[in-house]
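Colleague: The following block contains the structure, expressed as structure tokens.
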Amino acid sequence: MKRIRFNQQEIVFAVFAVLFLTFSIFLRGFLSPENMLTLLQNVAVLGILGLAMAIVVIGRGIDISLIAALAVPPGLVLQMVQNGHSLPASLLTAVLLTIAFGLVNGWLIAYAEVPSLFATLATGLLLAGLGQAALFQLDVVQWSDGMKGFERLGQGTILGIPTSIVMFAIACAVVAFLLRRTRWGAYIYAIGDNPYAARVTGIPSRPIIVLQYVVAALIGCFAGLVMAASVNSMPTRIFNSTLIYDVILVVVLGGIGLSGGRGGVLNVIIGTLLIGTMLNGMTIMDISYAGQNLVKGVVLLLAVLTDSFLNPRNEETAQQGDI
Amino acid sequence: MKYAVRTAKVIATALGLAAIAAPALAQQGLDEPFQKPFKEALAGKTVAYVPVAMNFDLTEGWYAGLKKELEPFGVKFEIRDPNWNTNAGAQAVTSLISEKPAVMVIHNPDVQTYARLLQRAENEGIYVIQINMGSAYRSSAFVGANWIEIGERDTEAVVKACQGKSNKIAVVQGALSAAASAYTLKGVENVLAKHPEIKVVSSQAADWDAAKAKAITQTVLKQNPDLCGIVGFWDGMDIGTAAAVKEAGLTGKVFVATSGGGERKGACELVKSGAFDLDMSYDVPTQAAQMAGTIKWLLSSGAKPGSIKGSEYTTLIPITKENADSQTACWNLSDLKK
């Protein structure tokens, strides 16, 4: 088979490079080291979420409930501490809740064989609803004195680098290790590439699928803790926002096909960088909100169009489940 | 003579007795003629409440305040929570019109969506009270903040803090679709028109989202480290704005003005910590009390819904370091619910 010369990952990287160069030349203050750090810092949480989504998408699934995992368990930590519980106990409760949530997701998809899109759509609503109805007093859970010191997870710097970037880097390293260096990671790729073949070859595909959703939920919870620490509160209403589309965008734009089995951490980093560069450049230029959406839409459309021109889909290249 | 003295004694005793007896007669009580019709006008009536969503300080505060004031009079309180969904809200209002409550308390998501529905409701004989966000239709009463005034006072404070400094300010707007945000921006513009020396280096919408507000502010501060003030549009979002200022090490150097409902954790605590320099509060419990008062007045007046129309703009409380410690500047939701 003829090797496809440009894949989506390279196209997006090229778009990113062009944008970056243009901004560097024409935008005063864009290329300064401080601004570069700000750029990364602003998309760090998005990047961490992208990693969680990547794990699931590589295994040919999708996790719409990720934002619920980002909002509810960290919100619970803040609420419990506000109500007078100790920080470690609250964190433990939140982690247990997250694991339970991941297990429910995984069980529904792997054993009850509900399509991941519907399963996570429903469980996400369930968890967010539970949070609103039973766990939180208000949508925005405020920081309290008992959380003192914990804000260092999302604020300040480590060796001159903003902490949230360091957290993104750590998450990248952990996920890269999981995907590339462990047997489980290899199984995830195998299941994503062809779930039936994977099962026939004896891969324990159901437990691995459960594992994917548990890991994704845990990463989501971690992203939420970083976010809460960074803004000194947990706006749990973020569940109603369009953040989940941005996460899918980062993953797909970076070149991880929704059909599964392809891509890795590098793709997430590239997708995150592109979004980050666009947002940062447009903020510096003080472009209006509507204008920003227009630019975002056009750039994304260009990337997707270029991809389908250079890599036309046909019966041979298209996979089942390709969107 | 003896007889005369005795007679005088009898008269005196009689007078004394009369003096004692007179108040005893009055103790039988006097009926106040207006309280009974008032009680009857309220008892068993239904008040329906449609906020844009529950679970945040403003709407929870209004709810608790209204309930506390009205339920003792036998008023039934119904709530429809559209949870930020404008369509669901319009449906709730439509179905309420056919259920005919006595009063509807409406928190509009925007100026247009409910306008016609509210007019229909008043034509059908339901009093409509609009809170904090008015619609294009003027109903029996509007109780709420004057957003233009908030924008003006916040900006005036920022302009004042900028005197002798760089005169560079930033504006962090809410969601573009929200009229509250657009009105506040008008207030900002009104003040800036009088101060041509002030330069707005950034005016962007953060969608009421703290994380977005932080990202925007960080970038703006990196480009303009000499920024002297920021006008934010809601304290719940401007936690992010303040976090960016703090991380840049500019707390105290960049004046952050914002507005909100005045809940203790969201307003006073943050002013005390130095995150905000000014938080214009529209004091939710007072708004709730005013709404409850209006409902009592309307129900007992017997006026035809829609025949009288008025506004009660909230008297704003500027929360600064001076009064953030006081008991009255802010309120606790948990206390209001008691």
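Each chain of the structure tokens is named A, B, ... in the order shown, its residues numbered from 1; ligands are numbered from 1 in display order.
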Using only C-alpha atoms, which chain A residues lie at most 6 Å away from chain B, written as a ChimeraX atom specification?

Modeller: /A:42,138-139,231,286

Colleague: Next, write the just-selected residues to a file, as a JSON list (two decimals), in the first residue's frame, keeping N, CA and C atoms as the atom set.

Modeller:
[["chain", "number", "residue", "atom", "x", "y", "z"],
["A", 42, "ASN", "N", -2.73, 28.27, 30.08],
["A", 42, "ASN", "CA", -4.16, 28.42, 29.81],
["A", 42, "ASN", "C", -4.80, 27.18, 29.22],
["A", 138, "LEU", "N", -24.14, 25.04, 46.42],
["A", 138, "LEU", "CA", -24.23, 26.01, 45.34],
["A", 138, "LEU", "C", -23.43, 25.50, 44.15],
["A", 139, "ASP", "N", -23.76, 26.02, 42.98],
["A", 139, "ASP", "CA", -23.05, 25.62, 41.76],
["A", 139, "ASP", "C", -21.56, 25.88, 41.86],
["A", 231, "VAL", "N", -8.25, 28.33, 40.04],
["A", 231, "VAL", "CA", -9.18, 29.46, 40.16],
["A", 231, "VAL", "C", -9.78, 29.57, 41.56],
["A", 286, "ASP", "N", -7.18, 41.19, 21.10],
["A", 286, "ASP", "CA", -8.45, 41.69, 21.63],
["A", 286, "ASP", "C", -9.57, 41.55, 20.59]]

Colleague: Fewer than 2 positions away in the same chain doesn't count, so skip those; otherwise give me all residues within 12 Å of Ser301 of chain B, counting only C-alpha atoms, as a list in words.

Modeller: Phe34, Pro37, Phe38, Lys39, Glu40, Ala41, Leu42, Tyr127, Gly293, Thr294, Ile295, Lys296, Trp297, Leu298, Leu299, Ala303, Lys304, Pro305, Ser307 and Ile308 of chain B

Colleague: From the list A:Cys172, A:Val77, A:Ala229, A:Ala14, which residue is nearest Gly47 of chain A when using only C-alpha atoms?

Modeller: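 Using only C-alpha atoms, the shortest distance to Gly47 of chain A belongs to A:Cys172.
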
Colleague: Got a sec: who's within 8 Å of Leu121 of chain A, counting only C-alpha atoms, leaving out chain neighbours fewer than 2 positions off, as a VMD selection string?

Modeller: chain A and resid 63 to 65 117 to 119 123 to 125

Colleague: Those same residues, written as a compact mmCIF listing (two decimals), in the first residue's frame with C-alpha atoms?

Modeller:
# COMPACT_ATOMS: atom_id res chain seq x y z
CA ASP A 63 -16.24 9.48 27.10
CA ILE A 64 -18.79 12.28 27.18
CA SER A 65 -18.96 12.06 30.98
CA LEU A 117 -21.56 7.49 23.47
CA PHE A 118 -24.94 6.76 25.08
CA ALA A 119 -23.58 5.14 28.22
CA THR A 123 -23.76 8.52 33.41
CA GLY A 124 -22.37 12.04 33.00
CA LEU A 125 -25.84 13.48 33.51

Colleague: For segment 201-213 of chain A, work out the shell of residues within 6 Å, counting only C-alpha atoms and skipping chain neighbours fewer than 5 positions away, then give it as a list of chain:residue names.

Modeller: A:Val56, A:Gly102, A:Gly106, A:Ala110

Colleague: Produce a file of the selected residues containing C-alpha atoms, as a compact mmCIF listing (two decimals), in the first residue's frame.

Modeller:
# COMPACT_ATOMS: atom_id res chain seq x y z
CA VAL A 56 -10.72 6.10 25.54
CA GLY A 102 -15.26 4.82 36.07
CA GLY A 106 -16.71 0.57 32.07
CA ALA A 110 -17.81 -3.62 28.37

Colleague: Pick the closest to Ile131 of chain B from B:Val103, B:Ala288, B:Leu117, B:Val158: which is it, counting only C-alpha atoms?

Modeller: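 Closest to Ile131 of chain B, using only C-alpha atoms: B:Ala288.
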
Colleague: According to DSSP computed on the backbone, where in segment 96-283 of chain A is there strand (DSSP E or B)? Give the residues as a list in words.

Modeller: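 Written out, the strand (DSSP E or B) residues of segment 96-283 of chain A are Val140, Val141, Gln142, Thr157, Ile158, Ile161, Pro162, Ser233, Met234 and Pro235 of chain A.
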
Colleague: Using C-alpha atoms, can you export the residues from the last selection as a PDB file, in the first residue's frame?

Modeller:
ATOM      1  CA  VAL A 140     -19.796  27.387  42.521  1.00  0.00           C
ATOM      2  CA  VAL A 141     -18.085  25.670  45.443  1.00  0.00           C
ATOM      3  CA  GLN A 142     -15.782  28.158  47.102  1.00  0.00           C
ATOM      4  CA  THR A 157       5.605  27.890  39.805  1.00  0.00           C
ATOM      5  CA  ILE A 158       7.974  24.932  40.097  1.00  0.00           C
ATOM      6  CA  ILE A 161       7.485  26.897  35.272  1.00  0.00           C
ATOM      7  CA  PRO A 162       3.816  27.439  36.180  1.00  0.00           C
ATOM      8  CA  SER A 233     -13.122  27.468  43.443  1.00  0.00           C
ATOM      9  CA  MET A 234     -14.957  24.760  41.546  1.00  0.00           C
ATOM     10  CA  PRO A 235     -17.575  26.112  39.159  1.00  0.00           C
TER      11      PRO A 235
END

Colleague: Using only C-alpha atoms, can you tell me which of B:Val254, B:Ala88, B:Met104, B:Gly61 comes closest to Trp331 of chain B?

Modeller: B:Gly61

Colleague: Identify, on the basis of only C-alpha atoms, every residue whose closest approach to Val174 of chain A does not exceed 10 Å; exclude the query and any residue fewer than 6 positions from it along the same chain; express the result as an mmCIF file with C-alpha atoms, in the first residue's frame.

Modeller:
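See part-v4.cif below for the written result:
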data_model
loop_
_atom_site.group_PDB
_atom_site.id
_atom_site.type_symbol
_atom_site.label_atom_id
_atom_site.label_comp_id
_atom_site.auth_asym_id
_atom_site.auth_seq_id
_atom_site.Cartn_x
_atom_site.Cartn_y
_atom_site.Cartn_z
ATOM 1 C CA LEU A 51 -5.123 12.784 27.499
ATOM 2 C CA PHE A 168 0.200 18.572 32.282
ATOM 3 C CA VAL A 265 0.234 11.514 23.624
#

Colleague: If you measure from atom CA of Phe23 of chain A to atom CA of Ile230 of chain B, what distance in Å do you get, rounded to one decimal?

Modeller: 25.5 Å

Colleague: Env of Val175 of chain A: 10 Å cut, atoms = only C-alpha atoms, seq-sep filter 5 positions within chain, self excluded. Answer as a PyMOL selection string.

Modeller: chain A and resi 48+51-52+54-55+169-170+180-181+185+215+219+264-265

Colleague: Write a file of the selected residues as a short mmCIF file (atom, residue, chain, number, x, y, z; two decimals), in the first residue's frame, keeping C-alpha atoms.

Modeller:
data_model
loop_
_atom_site.label_atom_id
_atom_site.label_comp_id
_atom_site.auth_asym_id
_atom_site.auth_seq_id
_atom_site.Cartn_x
_atom_site.Cartn_y
_atom_site.Cartn_z
CA ILE A 48 -4.96 16.89 30.64
CA LEU A 51 -5.12 12.78 27.50
CA ALA A 52 -8.05 11.12 29.28
CA ALA A 54 -7.26 9.99 24.04
CA ILE A 55 -7.03 6.79 26.10
CA ALA A 169 3.74 17.31 31.67
CA ILE A 170 3.44 14.74 34.48
CA ARG A 180 3.63 2.70 25.10
CA ARG A 181 5.44 0.82 27.80
CA GLY A 185 -1.40 0.00 26.71
CA VAL A 215 -8.19 5.75 34.21
CA ILE A 219 -7.39 11.81 34.95
CA GLY A 264 -0.82 8.87 21.13
CA VAL A 265 0.23 11.51 23.62
#

Colleague: What does the distance from atom CA of Gln35 of chain B to atom CA of Ala102 of chain B come to in Å, to one decimal?

Modeller: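 Separation between atom CA of Gln35 of chain B and atom CA of Ala102 of chain B: 19.2 Å.
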
Colleague: Could you tell me how far atom CA of Leu178 of chain A lies from atom CA of Glu113 of chain A, in Å and to one decimal?

Modeller: 24.7 Å

Colleague: So, with only C-alpha atoms as the atoms that count, which of A:Leu301, A:Val226, A:Lys296, A:Val166 lies closest to Thr277 of chain A?

Modeller: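 Selected residue with least distance to Thr277 of chain A: A:Lys296.
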
Colleague: Which of segment 72-290 of chain B end up as helix (DSSP H, G or I) when DSSP is run on this backbone - answer as a PyMOL selection string?

Modeller: chain B and resi 72-73+86-99+115-123+147-161+179-194+210-223+235-247+268-272+284-290
